[in-house]
Amino acid sequence: MPAIHSIDDLPPVMGDDGQFHARDEAVHLSGTPMEGWVALAFFWLLGLTVFYQFFTRYVLNDSAAWTEEIARYLLIAVVFTGATLGVVKNNHIQVDFFYKFMSAPLARRVATAVDVLRIGFFCAASVLTVLMMWKLGNNSRMTMIDLPMNWVYGICLLGFVAMAMRSVQVAKIHRRRGYTVLEQPESSMEDI
């Protein structure tokens, strides 16, 4: 797709015949990371659970009590797998304002420190999640369904571990190309 620098570069929406003319771009799913498919699966399970809850409550007038708790846990799963996608694409919230005023060598060192701190944070979160799971053991159970809460925390752990591993990959990419999105905000992970 050609670069768009001004409004004049946009394709016309209304044709000379006064009709609306717009074409959707082709959708390519081949580059979707595995975490994206896992997040999509959890999202659909969440959607089906909420639909079942709606159906039993408003159509059958006999609400299924377990759906609210399971929907909450599925939402947690969507968040943690979705957060992994944010790491893969390197598009979590970041402040690049100060990098405009730093010298290039200082900006490079600070951006590298950000990569190292991100890896450290996700590794620490993984370790803390494991410690919490060990402390809880199988004694902590879900409220409505007799399953261990460690299943939910296990999904959180997998999310943290995946974010840590993907952070290492992102840091390697930053090192190889010599800059990060913080230093050059106009770039993205797709520019590789």
# chains A, B, ... in the order shown; residues from 1 in each chain; ligands from 1
>>> residues_around(residues="Arg118 in chain A", least_positions_apart="5", cutoff="9 Å", atoms="only C-alpha atoms", output="NGL selection string")
:A and (113 or 123 or 164 or 167-168)
>>> residues_around(residues="Gly178 in chain A", least_positions_apart="3", cutoff="12 Å", atoms="only C-alpha atoms", output="PyMOL selection string")
chain A and resi 104-105+107-109+111-112+170-175+181-184+192
>>> residues_around(residues="Trp37 in chain A", least_positions_apart="4", cutoff="12 Å", atoms="only C-alpha atoms", output="number ranges by chain")
A: 29-33, 41-44, 78, 81-82, 84-85
>>> residues_around(residues="Asn139 in chain A", least_positions_apart="3", cutoff="9 Å", atoms="only C-alpha atoms", output="VMD selection string")
chain A and resid 136 148 to 149
>>> write_last_selection(atoms="all heavy atoms", output="PDB file, in the first residue's frame")
ATOM      1  N   LEU A 136      -0.488 -21.598  47.277  1.00  0.00           N
ATOM      2  CA  LEU A 136      -1.905 -21.968  47.270  1.00  0.00           C
ATOM      3  C   LEU A 136      -2.099 -23.478  47.189  1.00  0.00           C
ATOM      4  O   LEU A 136      -3.024 -24.018  47.790  1.00  0.00           O
ATOM      5  CB  LEU A 136      -2.623 -21.310  46.089  1.00  0.00           C
ATOM      6  CG  LEU A 136      -2.896 -19.823  46.193  1.00  0.00           C
ATOM      7  CD1 LEU A 136      -3.512 -19.319  44.901  1.00  0.00           C
ATOM      8  CD2 LEU A 136      -3.802 -19.520  47.367  1.00  0.00           C
ATOM      9  N   PRO A 148      -9.264 -26.400  40.775  1.00  0.00           N
ATOM     10  CA  PRO A 148      -8.261 -25.591  41.480  1.00  0.00           C
ATOM     11  C   PRO A 148      -8.081 -24.220  40.818  1.00  0.00           C
ATOM     12  O   PRO A 148      -8.094 -24.096  39.596  1.00  0.00           O
ATOM     13  CB  PRO A 148      -6.979 -26.412  41.373  1.00  0.00           C
ATOM     14  CG  PRO A 148      -7.251 -27.526  40.452  1.00  0.00           C
ATOM     15  CD  PRO A 148      -8.709 -27.588  40.173  1.00  0.00           C
ATOM     16  N   MET A 149      -7.905 -23.201  41.651  1.00  0.00           N
ATOM     17  CA  MET A 149      -7.647 -21.845  41.157  1.00  0.00           C
ATOM     18  C   MET A 149      -6.307 -21.765  40.434  1.00  0.00           C
ATOM     19  O   MET A 149      -6.081 -20.851  39.643  1.00  0.00           O
ATOM     20  CB  MET A 149      -7.668 -20.833  42.306  1.00  0.00           C
ATOM     21  CG  MET A 149      -9.042 -20.367  42.684  1.00  0.00           C
ATOM     22  SD  MET A 149      -9.923 -19.573  41.334  1.00  0.00           S
ATOM     23  CE  MET A 149      -8.928 -18.131  41.062  1.00  0.00           C
TER      24      MET A 149
END
>>> residues_around(residues="Asp96 in chain A", least_positions_apart="2", cutoff="8 Å", atoms="only C-alpha atoms", output="mmCIF file with all heavy atoms, in the first residue's frame")
data_model
loop_
_atom_site.group_PDB
_atom_site.id
_atom_site.type_symbol
_atom_site.label_atom_id
_atom_site.label_comp_id
_atom_site.auth_asym_id
_atom_site.auth_seq_id
_atom_site.Cartn_x
_atom_site.Cartn_y
_atom_site.Cartn_z
ATOM 1 N N GLN A 94 4.111 3.402 25.689
ATOM 2 C CA GLN A 94 5.487 3.814 25.892
ATOM 3 C C GLN A 94 5.591 5.314 25.638
ATOM 4 O O GLN A 94 4.843 5.870 24.851
ATOM 5 C CB GLN A 94 6.436 3.031 24.984
ATOM 6 C CG GLN A 94 5.978 2.894 23.571
ATOM 7 C CD GLN A 94 6.662 1.730 22.878
ATOM 8 O OE1 GLN A 94 7.343 0.930 23.476
ATOM 9 N NE2 GLN A 94 6.487 1.646 21.580
ATOM 10 N N PHE A 98 10.854 12.097 25.544
ATOM 11 C CA PHE A 98 12.177 12.495 26.017
ATOM 12 C C PHE A 98 13.294 12.048 25.068
ATOM 13 O O PHE A 98 14.367 12.633 25.062
ATOM 14 C CB PHE A 98 12.429 11.957 27.423
ATOM 15 C CG PHE A 98 11.468 12.522 28.427
ATOM 16 C CD1 PHE A 98 10.462 11.730 28.957
ATOM 17 C CD2 PHE A 98 11.545 13.847 28.812
ATOM 18 C CE1 PHE A 98 9.567 12.253 29.869
ATOM 19 C CE2 PHE A 98 10.657 14.374 29.722
ATOM 20 C CZ PHE A 98 9.657 13.583 30.255
ATOM 21 N N TYR A 99 13.024 11.044 24.277
ATOM 22 C CA TYR A 99 14.040 10.566 23.345
ATOM 23 C C TYR A 99 14.359 11.604 22.267
ATOM 24 O O TYR A 99 15.432 11.593 21.685
ATOM 25 C CB TYR A 99 13.612 9.243 22.700
ATOM 26 C CG TYR A 99 13.653 8.089 23.661
ATOM 27 C CD1 TYR A 99 12.589 7.809 24.506
ATOM 28 C CD2 TYR A 99 14.772 7.286 23.742
ATOM 29 C CE1 TYR A 99 12.625 6.754 25.400
ATOM 30 C CE2 TYR A 99 14.832 6.211 24.630
ATOM 31 C CZ TYR A 99 13.756 5.972 25.455
ATOM 32 O OH TYR A 99 13.809 4.927 26.348
ATOM 33 N N LYS A 100 13.430 12.511 22.002
ATOM 34 C CA LYS A 100 13.660 13.571 21.015
ATOM 35 C C LYS A 100 14.749 14.531 21.479
ATOM 36 O O LYS A 100 15.399 15.170 20.664
ATOM 37 C CB LYS A 100 12.368 14.349 20.763
ATOM 38 C CG LYS A 100 11.264 13.539 20.143
ATOM 39 C CD LYS A 100 10.003 14.368 20.015
ATOM 40 C CE LYS A 100 8.837 13.522 19.625
ATOM 41 N NZ LYS A 100 8.724 13.323 18.214
ATOM 42 N N LEU A 182 11.092 3.421 20.475
ATOM 43 C CA LEU A 182 11.245 4.595 21.329
ATOM 44 C C LEU A 182 12.127 5.648 20.656
ATOM 45 O O LEU A 182 11.857 6.840 20.739
ATOM 46 C CB LEU A 182 11.848 4.197 22.674
ATOM 47 C CG LEU A 182 10.971 3.322 23.563
ATOM 48 C CD1 LEU A 182 11.774 2.781 24.729
ATOM 49 C CD2 LEU A 182 9.768 4.094 24.051
ATOM 50 N N GLU A 183 13.174 5.195 20.002
ATOM 51 C CA GLU A 183 14.095 6.112 19.348
ATOM 52 C C GLU A 183 13.548 6.614 18.009
ATOM 53 O O GLU A 183 13.792 7.753 17.630
ATOM 54 C CB GLU A 183 15.437 5.421 19.104
ATOM 55 C CG GLU A 183 16.136 4.992 20.375
ATOM 56 C CD GLU A 183 17.225 3.994 20.088
ATOM 57 O OE1 GLU A 183 18.358 4.454 19.851
ATOM 58 O OE2 GLU A 183 16.931 2.783 20.087
ATOM 59 N N PRO A 185 9.926 6.604 16.578
ATOM 60 C CA PRO A 185 8.503 6.267 16.748
ATOM 61 C C PRO A 185 7.768 5.952 15.446
ATOM 62 O O PRO A 185 6.750 5.281 15.461
ATOM 63 C CB PRO A 185 7.909 7.506 17.407
ATOM 64 C CG PRO A 185 9.040 8.351 17.819
ATOM 65 C CD PRO A 185 10.250 7.908 17.094
#
>>> closest_residue(among="A:Leu45, A:Ile76, A:Leu117, A:Leu106", to="Leu157 in chain A", atoms="only C-alpha atoms")
A:Ile76
>>> atom_distance(atom1="CA of Ser126 in chain A", atom2="CA of Ile145 in chain A")
25.9 Å
>>> atom_distance(atom1="CA of Ala77 in chain A", atom2="CA of Ile93 in chain A")
20.2 Å
